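Notes for the one structure printed next.
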Amino acid sequence: MKNFNLSRKFALILCLAMLFSLCACGSREETLSTDDSSEAHKQFFAMDTIMTVTAYGKGGDEGIAQVVEEITEMDNTLDPAVRNSEAFKINNAHGGATQVSEGILTMLKRAKEIYDDTDGALDLSTYPLSQLWGFIDLDVENHEEGNVPSEEQIQEKLKLLGFDSLTIEDQSVSLPNGTEISFGAVAKGYASDTAVETLRSRGIKSAIVSLGGNVQTLGDTKPDGSSWNVAVQDPNDPSGYLGLLEAGETAIITSGSYERYFEKDGVRYHHILDPKTGRPADTGLVSVTIVCSSGLTADALSTAMFVLGTDKATEYWRAHSDEFQMVMVTTDNQVLYTSGLSDKFTMIAKDYTASEIS
């Protein structure tokens, strides 16, 4: 999504250890060949990132074509920089109500629930702050761009936050005048949910969707009966893996501080902003991976838990351990994984100390 704020985000790239590796090359939309006639595989570009969908069984090509169409349409709908997109209309309603689609309602309702549950750690209305810091148009390959605003500028933008005042009534939503939102913290998670359900509706029983690192699987196993295996990128070595997650049908989504950042005067500023300070979240974390049945929830929680920090995120997980599991990586190379992953998560990288949270 051009000029789309992938708040949390950019997410860490999750590499599919047993299937394929993501790469940052290729044309805007490219169909990849395969020797297996029962496997359909397509790579395309949307939401400002490379996406890959692989489906197994009859009807895979048609299912994937529908997924690409739906995500492309969603891309245009959710980009606040695209005039007359739903996001643009919400942000420019001047406090009035905006009629929105069911998908927008779903994302906003879930985001608001997590906002309330986490004391505002997930706040979609940080969009003006992301603009102020220069993260919207930041070239992720050039870490010298970006802007370090003054405290006065930050305080002025903090006054515009208003996600707590989001009003949802039937098919309409409204925000305080001056409040602007971005769907970056939830869009790809919702897109992967939609992709999986689209494939399922076409009778496909086994598939894997990788939307710029947000990984979601369809089916408890791969076609050969083995588990899905997803490798999580090592925050300290982008070419390497932190560990391997064995998974059934689930979403595995990571938010990290090292993919989208810039440096000024020897200080690194990442894109995951703390809504309370208006500055990059300084919680001692470099990445949070969420394992959850819902891509939307996993996407939202990966940002919220990063902003909360280790202790509060652990407390939140203990109150919601039936809903998700997680892996947190700290700035001092601690890897903390929740007990539900004790037999699912295998460390690969060295120079880390791994501990289980129970």
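By convention here, the chains of the structure tokens are called A, B, ... in the order presented, each chain's residues are numbered starting at 1, and ligands are numbered starting at 1 in the order presented.
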### Message
With only C-alpha atoms as the counted atoms, please give the residues lying no more than 12 Å from Pro280 (chain A), apart from itself and same-chain residues fewer than 2 positions off, as a ChimeraX atom specification.
### Response
/A:7-9,126,129-130,133,135,148-149,154,256-258,260-262,267-278,282-286,303,306-307
### Message
Can you pull out every residue from region 113-351 of chain A that DSSP, working from the backbone, puts in strand (DSSP E), and format the result as a PyMOL selection string?
### Response
chain A and resi 167-169+172-174+206-211+214-218+228-234+237-247+251-256+261-264+267-270+285-292+324-330+334-338+345-347
Store the residues picked out above, limited to C-alpha atoms, as a PDB file, in the first residue's frame.
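Here's the written file out_38.pdb:
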ATOM      1  CA  THR A 167     -18.103   5.954  17.781  1.00  0.00           C
ATOM      2  CA  ILE A 168     -19.591   3.025  15.881  1.00  0.00           C
ATOM      3  CA  GLU A 169     -23.289   3.079  15.080  1.00  0.00           C
ATOM      4  CA  SER A 172     -21.227   4.327  10.394  1.00  0.00           C
ATOM      5  CA  VAL A 173     -18.147   5.432  12.320  1.00  0.00           C
ATOM      6  CA  SER A 174     -17.040   8.821  13.579  1.00  0.00           C
ATOM      7  CA  SER A 206      -4.404 -26.617   2.617  1.00  0.00           C
ATOM      8  CA  ALA A 207      -2.727 -23.270   1.955  1.00  0.00           C
ATOM      9  CA  ILE A 208      -0.246 -20.798   3.342  1.00  0.00           C
ATOM     10  CA  VAL A 209      -0.461 -17.026   3.036  1.00  0.00           C
ATOM     11  CA  SER A 210       2.520 -14.736   3.634  1.00  0.00           C
ATOM     12  CA  LEU A 211       1.628 -11.065   3.475  1.00  0.00           C
ATOM     13  CA  ASN A 214       2.434 -11.992   8.308  1.00  0.00           C
ATOM     14  CA  VAL A 215       1.999 -15.730   7.955  1.00  0.00           C
ATOM     15  CA  GLN A 216      -1.310 -17.567   8.146  1.00  0.00           C
ATOM     16  CA  THR A 217      -2.035 -21.196   7.353  1.00  0.00           C
ATOM     17  CA  LEU A 218      -5.132 -23.047   6.190  1.00  0.00           C
ATOM     18  CA  TRP A 228       3.631 -26.274   9.074  1.00  0.00           C
ATOM     19  CA  ASN A 229       6.998 -24.858  10.129  1.00  0.00           C
ATOM     20  CA  VAL A 230       7.569 -21.113  10.185  1.00  0.00           C
ATOM     21  CA  ALA A 231      10.964 -19.569  10.918  1.00  0.00           C
ATOM     22  CA  VAL A 232      11.063 -16.227  12.726  1.00  0.00           C
ATOM     23  CA  GLN A 233      13.758 -13.828  11.584  1.00  0.00           C
ATOM     24  CA  ASP A 234      16.629 -13.085  13.932  1.00  0.00           C
ATOM     25  CA  ASP A 237      20.823 -10.925  11.863  1.00  0.00           C
ATOM     26  CA  PRO A 238      18.245 -10.266   9.127  1.00  0.00           C
ATOM     27  CA  SER A 239      19.730 -13.061   7.032  1.00  0.00           C
ATOM     28  CA  GLY A 240      19.298 -15.616   9.811  1.00  0.00           C
ATOM     29  CA  TYR A 241      16.554 -17.224  11.872  1.00  0.00           C
ATOM     30  CA  LEU A 242      15.797 -16.754  15.534  1.00  0.00           C
ATOM     31  CA  GLY A 243      13.822 -19.949  15.876  1.00  0.00           C
ATOM     32  CA  LEU A 244      11.322 -22.309  14.338  1.00  0.00           C
ATOM     33  CA  LEU A 245       7.630 -22.490  15.171  1.00  0.00           C
ATOM     34  CA  GLU A 246       5.716 -25.704  14.505  1.00  0.00           C
ATOM     35  CA  ALA A 247       2.123 -24.822  13.750  1.00  0.00           C
ATOM     36  CA  ALA A 251      -1.654 -16.975  12.226  1.00  0.00           C
ATOM     37  CA  ILE A 252       1.927 -16.097  13.176  1.00  0.00           C
ATOM     38  CA  ILE A 253       2.583 -12.358  13.086  1.00  0.00           C
ATOM     39  CA  THR A 254       5.573 -10.339  14.299  1.00  0.00           C
ATOM     40  CA  SER A 255       6.119  -6.667  15.092  1.00  0.00           C
ATOM     41  CA  GLY A 256       9.739  -5.566  15.318  1.00  0.00           C
ATOM     42  CA  TYR A 261      13.755   2.831  11.368  1.00  0.00           C
ATOM     43  CA  PHE A 262      16.157   5.699  10.782  1.00  0.00           C
ATOM     44  CA  GLU A 263      19.247   6.967  12.591  1.00  0.00           C
ATOM     45  CA  LYS A 264      20.153  10.524  13.550  1.00  0.00           C
ATOM     46  CA  VAL A 267      20.396   7.271  17.776  1.00  0.00           C
ATOM     47  CA  ARG A 268      18.017   4.776  16.188  1.00  0.00           C
ATOM     48  CA  TYR A 269      14.324   5.698  15.955  1.00  0.00           C
ATOM     49  CA  HIS A 270      11.876   2.937  15.053  1.00  0.00           C
ATOM     50  CA  LEU A 285      11.823  -5.163  23.262  1.00  0.00           C
ATOM     51  CA  VAL A 286      13.023  -5.609  19.695  1.00  0.00           C
ATOM     52  CA  SER A 287      10.300  -7.948  18.499  1.00  0.00           C
ATOM     53  CA  VAL A 288       7.057  -9.637  19.520  1.00  0.00           C
ATOM     54  CA  THR A 289       5.608 -12.614  17.679  1.00  0.00           C
ATOM     55  CA  ILE A 290       1.973 -13.566  18.260  1.00  0.00           C
ATOM     56  CA  VAL A 291       0.519 -17.006  17.516  1.00  0.00           C
ATOM     57  CA  CYS A 292      -3.262 -16.852  17.313  1.00  0.00           C
ATOM     58  CA  PHE A 324      -2.898 -16.428  21.992  1.00  0.00           C
ATOM     59  CA  GLN A 325       0.737 -17.360  22.582  1.00  0.00           C
ATOM     60  CA  MET A 326       3.802 -15.210  22.001  1.00  0.00           C
ATOM     61  CA  VAL A 327       7.564 -14.949  21.673  1.00  0.00           C
ATOM     62  CA  MET A 328       9.259 -11.762  22.881  1.00  0.00           C
ATOM     63  CA  VAL A 329      12.861 -10.774  22.124  1.00  0.00           C
ATOM     64  CA  THR A 330      14.502  -8.179  24.362  1.00  0.00           C
ATOM     65  CA  GLN A 334      16.546 -12.631  26.024  1.00  0.00           C
ATOM     66  CA  VAL A 335      13.949 -14.762  24.228  1.00  0.00           C
ATOM     67  CA  LEU A 336      10.788 -15.211  26.271  1.00  0.00           C
ATOM     68  CA  TYR A 337       8.149 -17.630  25.002  1.00  0.00           C
ATOM     69  CA  THR A 338       4.822 -18.533  26.591  1.00  0.00           C
ATOM     70  CA  PHE A 345       9.177 -23.337  19.510  1.00  0.00           C
ATOM     71  CA  THR A 346      12.767 -24.370  18.773  1.00  0.00           C
ATOM     72  CA  MET A 347      15.652 -21.915  19.075  1.00  0.00           C
TER      73      MET A 347
END
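Put simply, CA of Gln43 (chain A) is 17.6 Å away from CA of Gly189 (chain A).
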### Spatial neighbours of Ala46 (chain A), max dist 8 Å, only C-alpha atoms, sep filter under 3 positions, as JSON, numbers by chain
{"A": [1, 49, 50, 51, 71, 72, 75]}
Let me see the file: selected residues, all heavy atoms, as a short mmCIF file (atom, residue, chain, number, x, y, z; two decimals), in the first residue's frame.
data_model
loop_
_atom_site.label_atom_id
_atom_site.label_comp_id
_atom_site.auth_asym_id
_atom_site.auth_seq_id
_atom_site.Cartn_x
_atom_site.Cartn_y
_atom_site.Cartn_z
N MET A 1 0.86 -1.18 0.00
CA MET A 1 0.00 0.00 0.00
C MET A 1 0.89 1.23 0.00
O MET A 1 1.58 1.49 0.96
CB MET A 1 -0.90 -0.01 1.23
CG MET A 1 -1.85 1.14 1.29
SD MET A 1 -2.89 1.07 2.76
CE MET A 1 -3.83 -0.39 2.43
N THR A 49 4.30 -4.12 0.16
CA THR A 49 5.17 -5.24 0.47
C THR A 49 4.96 -6.40 -0.50
O THR A 49 3.94 -6.46 -1.20
CB THR A 49 4.93 -5.72 1.92
OG1 THR A 49 5.98 -6.61 2.32
CG2 THR A 49 3.59 -6.46 2.04
N ILE A 50 5.91 -7.31 -0.56
CA ILE A 50 5.79 -8.52 -1.36
C ILE A 50 4.91 -9.51 -0.61
O ILE A 50 5.10 -9.75 0.58
CB ILE A 50 7.17 -9.16 -1.61
CG1 ILE A 50 8.08 -8.22 -2.40
CG2 ILE A 50 7.01 -10.49 -2.33
CD1 ILE A 50 7.65 -7.99 -3.82
N MET A 51 3.94 -10.10 -1.31
CA MET A 51 3.04 -11.08 -0.72
C MET A 51 3.09 -12.37 -1.52
O MET A 51 3.29 -12.35 -2.74
CB MET A 51 1.60 -10.55 -0.69
CG MET A 51 1.43 -9.29 0.14
SD MET A 51 -0.30 -8.79 0.28
CE MET A 51 -0.15 -7.45 1.49
N ILE A 71 -7.36 -8.41 -1.94
CA ILE A 71 -6.34 -7.66 -1.20
C ILE A 71 -5.98 -6.37 -1.91
O ILE A 71 -5.77 -5.33 -1.28
CB ILE A 71 -5.10 -8.54 -0.97
CG1 ILE A 71 -5.42 -9.67 0.03
CG2 ILE A 71 -3.92 -7.70 -0.45
CD1 ILE A 71 -4.27 -10.62 0.29
N THR A 72 -5.95 -6.41 -3.24
CA THR A 72 -5.68 -5.18 -4.00
C THR A 72 -6.76 -4.14 -3.76
O THR A 72 -6.46 -2.94 -3.57
CB THR A 72 -5.58 -5.51 -5.50
OG1 THR A 72 -4.53 -6.46 -5.72
CG2 THR A 72 -5.30 -4.25 -6.30
N ASP A 75 -6.32 -2.76 -0.30
CA ASP A 75 -5.19 -1.84 -0.30
C ASP A 75 -5.67 -0.42 -0.61
O ASP A 75 -5.36 0.54 0.12
CB ASP A 75 -4.18 -2.31 -1.35
CG ASP A 75 -2.85 -1.60 -1.27
OD1 ASP A 75 -2.71 -0.65 -0.50
OD2 ASP A 75 -1.93 -2.02 -1.99
#
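Residues in contact with Glu102 (chain A) at up to 12 Å, not including ones fewer than 5 positions away on its chain and judged by only C-alpha atoms, are Met74, Thr77, Glu86, Met107, Leu108, Lys109, Ile168, Asp170, Gln171, Ser172, Val173, Tyr190 and Thr194 of chain A.
Closest approach to Gln99 (chain A) from the set A:Thr310, A:Asn142, A:Gln153, A:Ser85 is made by A:Ser85, with distances taken over only C-alpha atoms.
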### Message
Could you go through region 190-344 of chain A and tell me which residues DSSP, when run on the backbone, assigns to helix (DSSP H, G or I), listing them as a PyMOL selection string?
### Response
chain A and resi 190-201+295-308+310-319+339-341
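Closest approach to Gly57 (chain A) among A:Glu144, A:Asp332, A:Asp224, A:Asp193 is made by A:Asp224 (distances from only C-alpha atoms).
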### Query
Taking into account only C-alpha atoms, which residue in the set A:Glu180, A:Glu151, A:Asp116, A:Glu73 is nearest to His94 (chain A)?
A:Glu180
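Separating CA of Ile204 (chain A) from CA of Gly219 (chain A) is a distance of 8.9 Å.
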### Query
By how many Å are CA of Ser192 (chain A) and CA of Ala319 (chain A) apart?
25.8 Å
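Across A:Gly309, A:Gly295, A:Gly178, A:Gly134, the tightest approach to Gly162 (chain A) is made by A:Gly178 when counting only C-alpha atoms.
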